[in-house]
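**Student:** Following this message is one structure expressed as structure tokens.
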Amino acid sequence: QSRSSAASDVYKRQVYYHIINDEKSYAKEILQDYIKDHPDDDTSYAYLWYIEKEEWNIILAETYLDKWYEINSKSPILNLYKWQLEKEKWENTKAFIYFKKTIALDRNWEFWILAKEELDNLDLTKK
């Protein structure tokens, strides 16, 4: 294991520790420092999205989700999160696009089984 990979593992364990111990402010400090040196590490934005979402800082959470998406738009789970966000905002056309991307990126999920039902229930006449 390389030195930078080991450092990355330590950072991720520290962040995770602070999140599960409800010390989110410490986790955010670590993440912000880490991003300064590793601006393309999508894991940092994933953690920040999660923390802000849990704290109901929805606009900030969406900002981190968008940054995460800029770095890793091929992630099925990330496209799923984008789909859920757009669905919650009643942006059904955008939700449909992210949903289709989610399915296209990983056709082996159990999620695939629910795809037809979700697509049928998505009302594209609203936005």
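Each chain of the structure tokens is named A, B, ... in the order shown, its residues numbered from 1; ligands are numbered from 1 in display order.
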With only C-alpha atoms as the counted atoms, please give the residues lying no more than 8 Å from region 32-35 of chain A, apart from itself and same-chain residues fewer than 4 positions off, as a CSV table (one decimal) with N, CA, C and O atoms, in the first residue's frame.
**Tutor:**
```
chain,number,residue,atom,x,y,z
A,11,TYR,N,-7.4,9.1,7.0
A,11,TYR,CA,-8.4,10.3,6.9
A,11,TYR,C,-9.8,9.8,6.9
A,11,TYR,O,-10.7,10.3,7.6
A,28,LYS,N,-16.3,17.7,9.5
A,28,LYS,CA,-16.3,18.7,8.5
A,28,LYS,C,-14.9,19.4,8.4
A,28,LYS,O,-14.4,19.7,7.4
A,39,PRO,N,-8.5,18.0,-4.0
A,39,PRO,CA,-9.8,18.6,-4.5
A,39,PRO,C,-10.6,17.6,-5.4
A,39,PRO,O,-11.8,17.8,-5.6
A,40,ASP,N,-10.0,16.6,-5.9
A,40,ASP,CA,-10.7,15.7,-6.8
A,40,ASP,C,-11.1,14.4,-6.1
A,40,ASP,O,-11.5,13.4,-6.8
A,41,ASP,N,-11.0,14.3,-4.8
A,41,ASP,CA,-11.4,13.1,-4.0
A,41,ASP,C,-12.9,13.2,-3.8
A,41,ASP,O,-13.4,13.9,-3.0
A,44,SER,N,-14.7,12.8,-0.2
A,44,SER,CA,-14.8,14.0,0.7
A,44,SER,C,-16.2,14.7,0.5
A,44,SER,O,-16.9,15.0,1.4
```
**Student:** Can you tell me which residues surround region 63-67 of chain A at a distance of at most 12 Å, considering only C-alpha atoms, apart from same-chain residues fewer than 3 positions away, and format the answer as number ranges by chain?
**Tutor:** A: 31-32, 35, 39-53, 57-60, 70-73, 77-86
**Student:** Given the selection you just returned, output its residues as a file containing N, CA, C and O atoms, formatted as a short mmCIF file (atom, residue, chain, number, x, y, z; two decimals), in the first residue's frame.
**Tutor:**
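Ended up saving to out.cif:
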```cif
data_model
loop_
_atom_site.label_atom_id
_atom_site.label_comp_id
_atom_site.auth_asym_id
_atom_site.auth_seq_id
_atom_site.Cartn_x
_atom_site.Cartn_y
_atom_site.Cartn_z
N LEU A 31 -12.52 17.16 6.71
CA LEU A 31 -12.85 17.11 5.28
C LEU A 31 -12.40 18.37 4.54
O LEU A 31 -11.82 18.29 3.46
N GLN A 32 -12.66 19.53 5.13
CA GLN A 32 -12.27 20.79 4.48
C GLN A 32 -10.75 20.87 4.33
O GLN A 32 -10.25 21.31 3.29
N ILE A 35 -9.70 18.38 1.52
CA ILE A 35 -10.08 18.87 0.18
C ILE A 35 -9.06 19.86 -0.36
O ILE A 35 -8.81 19.90 -1.56
N PRO A 39 -8.49 18.02 -4.02
CA PRO A 39 -9.77 18.57 -4.47
C PRO A 39 -10.58 17.62 -5.36
O PRO A 39 -11.78 17.85 -5.55
N ASP A 40 -9.96 16.58 -5.88
CA ASP A 40 -10.68 15.66 -6.76
C ASP A 40 -11.06 14.36 -6.08
O ASP A 40 -11.46 13.40 -6.75
N ASP A 41 -10.98 14.31 -4.78
CA ASP A 41 -11.37 13.11 -4.05
C ASP A 41 -12.88 13.17 -3.81
O ASP A 41 -13.35 13.92 -2.95
N ASP A 42 -13.62 12.40 -4.57
CA ASP A 42 -15.07 12.47 -4.48
C ASP A 42 -15.62 11.98 -3.14
O ASP A 42 -16.69 12.39 -2.71
N THR A 43 -14.87 11.16 -2.42
CA THR A 43 -15.31 10.67 -1.12
C THR A 43 -15.54 11.82 -0.14
O THR A 43 -16.48 11.80 0.65
N SER A 44 -14.69 12.84 -0.22
CA SER A 44 -14.84 13.99 0.67
C SER A 44 -16.18 14.67 0.47
O SER A 44 -16.86 15.03 1.44
N TYR A 45 -16.57 14.85 -0.79
CA TYR A 45 -17.84 15.50 -1.08
C TYR A 45 -19.02 14.61 -0.71
O TYR A 45 -20.07 15.10 -0.29
N ALA A 46 -18.83 13.30 -0.83
CA ALA A 46 -19.88 12.36 -0.42
C ALA A 46 -20.13 12.48 1.08
O ALA A 46 -21.28 12.55 1.52
N TYR A 47 -19.05 12.51 1.85
CA TYR A 47 -19.20 12.69 3.30
C TYR A 47 -19.86 14.03 3.64
O TYR A 47 -20.76 14.10 4.48
N LEU A 48 -19.40 15.09 3.00
CA LEU A 48 -19.97 16.42 3.28
C LEU A 48 -21.45 16.47 2.91
O LEU A 48 -22.26 17.06 3.64
N TRP A 49 -21.79 15.87 1.78
CA TRP A 49 -23.21 15.80 1.39
C TRP A 49 -24.02 15.11 2.48
O TRP A 49 -25.07 15.60 2.89
N TYR A 50 -23.53 13.97 2.92
CA TYR A 50 -24.24 13.20 3.94
C TYR A 50 -24.42 14.01 5.23
O TYR A 50 -25.53 14.07 5.79
N ILE A 51 -23.34 14.62 5.69
CA ILE A 51 -23.40 15.39 6.94
C ILE A 51 -24.40 16.54 6.81
O ILE A 51 -25.26 16.73 7.68
N GLU A 52 -24.31 17.31 5.75
CA GLU A 52 -25.20 18.47 5.59
C GLU A 52 -26.65 18.02 5.43
O GLU A 52 -27.57 18.67 5.94
N LYS A 53 -26.86 16.91 4.74
CA LYS A 53 -28.21 16.39 4.57
C LYS A 53 -28.79 15.98 5.92
O LYS A 53 -29.95 16.28 6.22
N ASN A 57 -29.21 20.95 6.21
CA ASN A 57 -28.66 22.07 5.45
C ASN A 57 -28.78 21.70 3.97
O ASN A 57 -27.81 21.37 3.30
N ILE A 58 -30.00 21.76 3.47
CA ILE A 58 -30.34 21.19 2.17
C ILE A 58 -29.60 21.87 1.02
O ILE A 58 -29.09 21.20 0.12
N ILE A 59 -29.52 23.18 1.04
CA ILE A 59 -28.85 23.89 -0.06
C ILE A 59 -27.37 23.54 -0.09
O ILE A 59 -26.81 23.25 -1.15
N LEU A 60 -26.73 23.53 1.07
CA LEU A 60 -25.32 23.16 1.14
C LEU A 60 -25.12 21.69 0.76
O LEU A 60 -24.18 21.34 0.04
N GLU A 70 -19.83 16.15 -10.27
CA GLU A 70 -18.85 16.65 -11.24
C GLU A 70 -17.64 15.72 -11.33
O GLU A 70 -17.08 15.52 -12.40
N ILE A 71 -17.25 15.16 -10.21
CA ILE A 71 -16.06 14.31 -10.15
C ILE A 71 -16.37 12.88 -10.58
O ILE A 71 -15.54 12.23 -11.20
N ASN A 72 -17.56 12.39 -10.24
CA ASN A 72 -17.84 10.97 -10.43
C ASN A 72 -19.25 10.73 -10.96
O ASN A 72 -20.06 10.07 -10.31
N SER A 73 -19.55 11.22 -12.13
CA SER A 73 -20.90 11.11 -12.68
C SER A 73 -21.26 9.69 -13.13
O SER A 73 -22.41 9.42 -13.45
N ILE A 77 -24.81 4.77 -7.61
CA ILE A 77 -25.42 5.22 -6.36
C ILE A 77 -25.54 6.75 -6.33
O ILE A 77 -26.53 7.28 -5.84
N LEU A 78 -24.58 7.43 -6.88
CA LEU A 78 -24.65 8.88 -6.93
C LEU A 78 -25.79 9.34 -7.84
O LEU A 78 -26.52 10.27 -7.51
N ASN A 79 -25.96 8.69 -8.96
CA ASN A 79 -27.09 9.02 -9.84
C ASN A 79 -28.42 8.72 -9.15
O ASN A 79 -29.39 9.45 -9.33
N LEU A 80 -28.43 7.69 -8.33
CA LEU A 80 -29.63 7.39 -7.55
C LEU A 80 -29.92 8.52 -6.57
O LEU A 80 -31.07 8.95 -6.44
N TYR A 81 -28.90 9.02 -5.89
CA TYR A 81 -29.10 10.15 -4.97
C TYR A 81 -29.60 11.39 -5.72
O TYR A 81 -30.47 12.11 -5.21
N LYS A 82 -29.03 11.62 -6.90
CA LYS A 82 -29.49 12.78 -7.69
C LYS A 82 -30.95 12.59 -8.09
O LYS A 82 -31.73 13.53 -8.07
N TRP A 83 -31.32 11.37 -8.45
CA TRP A 83 -32.71 11.07 -8.80
C TRP A 83 -33.63 11.37 -7.62
O TRP A 83 -34.65 12.04 -7.77
N GLN A 84 -33.24 10.88 -6.42
CA GLN A 84 -34.07 11.10 -5.24
C GLN A 84 -34.23 12.58 -4.93
O GLN A 84 -35.33 13.04 -4.60
N LEU A 85 -33.14 13.32 -5.05
CA LEU A 85 -33.19 14.76 -4.79
C LEU A 85 -34.15 15.45 -5.75
O LEU A 85 -35.01 16.23 -5.32
N GLU A 86 -34.03 15.17 -7.02
CA GLU A 86 -34.89 15.82 -8.01
C GLU A 86 -36.34 15.39 -7.83
O GLU A 86 -37.25 16.20 -8.00
#
```
**Student:** Rounded to one decimal, what separation in Å do you get between CA of Pro76 (chain A) and CA of Val15 (chain A)?
**Tutor:**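 Distance reported for this atom pair: 23.2 Å.
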**Student:** So which residues touch Lys100 (chain A) within 9 Å, counting only C-alpha atoms, skipping near sequence neighbours fewer than 2 positions away, as a VMD selection string?
**Tutor:** chain A and resid 79 83 95 to 98 102 to 105 115 119
**Student:** Going by DSSP on the backbone, which bits of region 16-103 of chain A are alpha helix (DSSP H)? Write them as a ChimeraX atom specification, please.
**Tutor:** /A:16-20,24-37,42-54,58-71,76-88,92-103
**Student:** May I have the residues within 8 Å of Ala27 (chain A) as a PyMOL selection string, using only C-alpha atoms and disregarding those fewer than 2 positions away in the same chain?
**Tutor:** chain A and resi 14-16+18-19+23-25+29-31
**Student:** Once you have the residues from the selection above, write them out as a PDB file, in the first residue's frame, restricted to N, CA, C and O atoms.
**Tutor:**
```pdb
ATOM      1  N   GLN A  14     -10.894   8.534  10.279  1.00  0.00           N
ATOM      2  CA  GLN A  14     -11.121   9.652  11.200  1.00  0.00           C
ATOM      3  C   GLN A  14     -12.480  10.297  10.944  1.00  0.00           C
ATOM      4  O   GLN A  14     -13.239  10.567  11.875  1.00  0.00           O
ATOM      5  N   VAL A  15     -12.764  10.546   9.692  1.00  0.00           N
ATOM      6  CA  VAL A  15     -14.036  11.178   9.337  1.00  0.00           C
ATOM      7  C   VAL A  15     -15.199  10.285   9.763  1.00  0.00           C
ATOM      8  O   VAL A  15     -16.155  10.733  10.398  1.00  0.00           O
ATOM      9  N   TYR A  16     -15.115   9.022   9.415  1.00  0.00           N
ATOM     10  CA  TYR A  16     -16.172   8.072   9.761  1.00  0.00           C
ATOM     11  C   TYR A  16     -16.372   8.013  11.279  1.00  0.00           C
ATOM     12  O   TYR A  16     -17.502   8.032  11.767  1.00  0.00           O
ATOM     13  N   HIS A  18     -15.809  10.311  13.520  1.00  0.00           N
ATOM     14  CA  HIS A  18     -16.482  11.520  14.007  1.00  0.00           C
ATOM     15  C   HIS A  18     -17.956  11.549  13.595  1.00  0.00           C
ATOM     16  O   HIS A  18     -18.795  12.026  14.358  1.00  0.00           O
ATOM     17  N   ILE A  19     -18.258  11.029  12.432  1.00  0.00           N
ATOM     18  CA  ILE A  19     -19.661  11.008  11.993  1.00  0.00           C
ATOM     19  C   ILE A  19     -20.473  10.079  12.890  1.00  0.00           C
ATOM     20  O   ILE A  19     -21.538  10.464  13.380  1.00  0.00           O
ATOM     21  N   GLU A  23     -20.033  13.753  15.990  1.00  0.00           N
ATOM     22  CA  GLU A  23     -19.090  14.870  16.076  1.00  0.00           C
ATOM     23  C   GLU A  23     -18.878  15.409  14.659  1.00  0.00           C
ATOM     24  O   GLU A  23     -17.767  15.449  14.141  1.00  0.00           O
ATOM     25  N   LYS A  24     -19.981  15.804  14.069  1.00  0.00           N
ATOM     26  CA  LYS A  24     -19.951  16.186  12.653  1.00  0.00           C
ATOM     27  C   LYS A  24     -19.114  17.435  12.390  1.00  0.00           C
ATOM     28  O   LYS A  24     -18.521  17.572  11.329  1.00  0.00           O
ATOM     29  N   SER A  25     -19.042  18.337  13.351  1.00  0.00           N
ATOM     30  CA  SER A  25     -18.233  19.542  13.128  1.00  0.00           C
ATOM     31  C   SER A  25     -16.763  19.176  12.974  1.00  0.00           C
ATOM     32  O   SER A  25     -16.051  19.750  12.146  1.00  0.00           O
ATOM     33  N   GLU A  29     -14.340  19.675   9.608  1.00  0.00           N
ATOM     34  CA  GLU A  29     -13.015  20.316   9.633  1.00  0.00           C
ATOM     35  C   GLU A  29     -11.970  19.443   8.937  1.00  0.00           C
ATOM     36  O   GLU A  29     -11.177  19.937   8.130  1.00  0.00           O
ATOM     37  N   ILE A  30     -11.980  18.172   9.244  1.00  0.00           N
ATOM     38  CA  ILE A  30     -11.041  17.245   8.606  1.00  0.00           C
ATOM     39  C   ILE A  30     -11.266  17.224   7.096  1.00  0.00           C
ATOM     40  O   ILE A  30     -10.316  17.265   6.313  1.00  0.00           O
ATOM     41  N   LEU A  31     -12.520  17.160   6.706  1.00  0.00           N
ATOM     42  CA  LEU A  31     -12.846  17.111   5.277  1.00  0.00           C
ATOM     43  C   LEU A  31     -12.397  18.369   4.545  1.00  0.00           C
ATOM     44  O   LEU A  31     -11.820  18.290   3.458  1.00  0.00           O
TER      45      LEU A  31
END
```
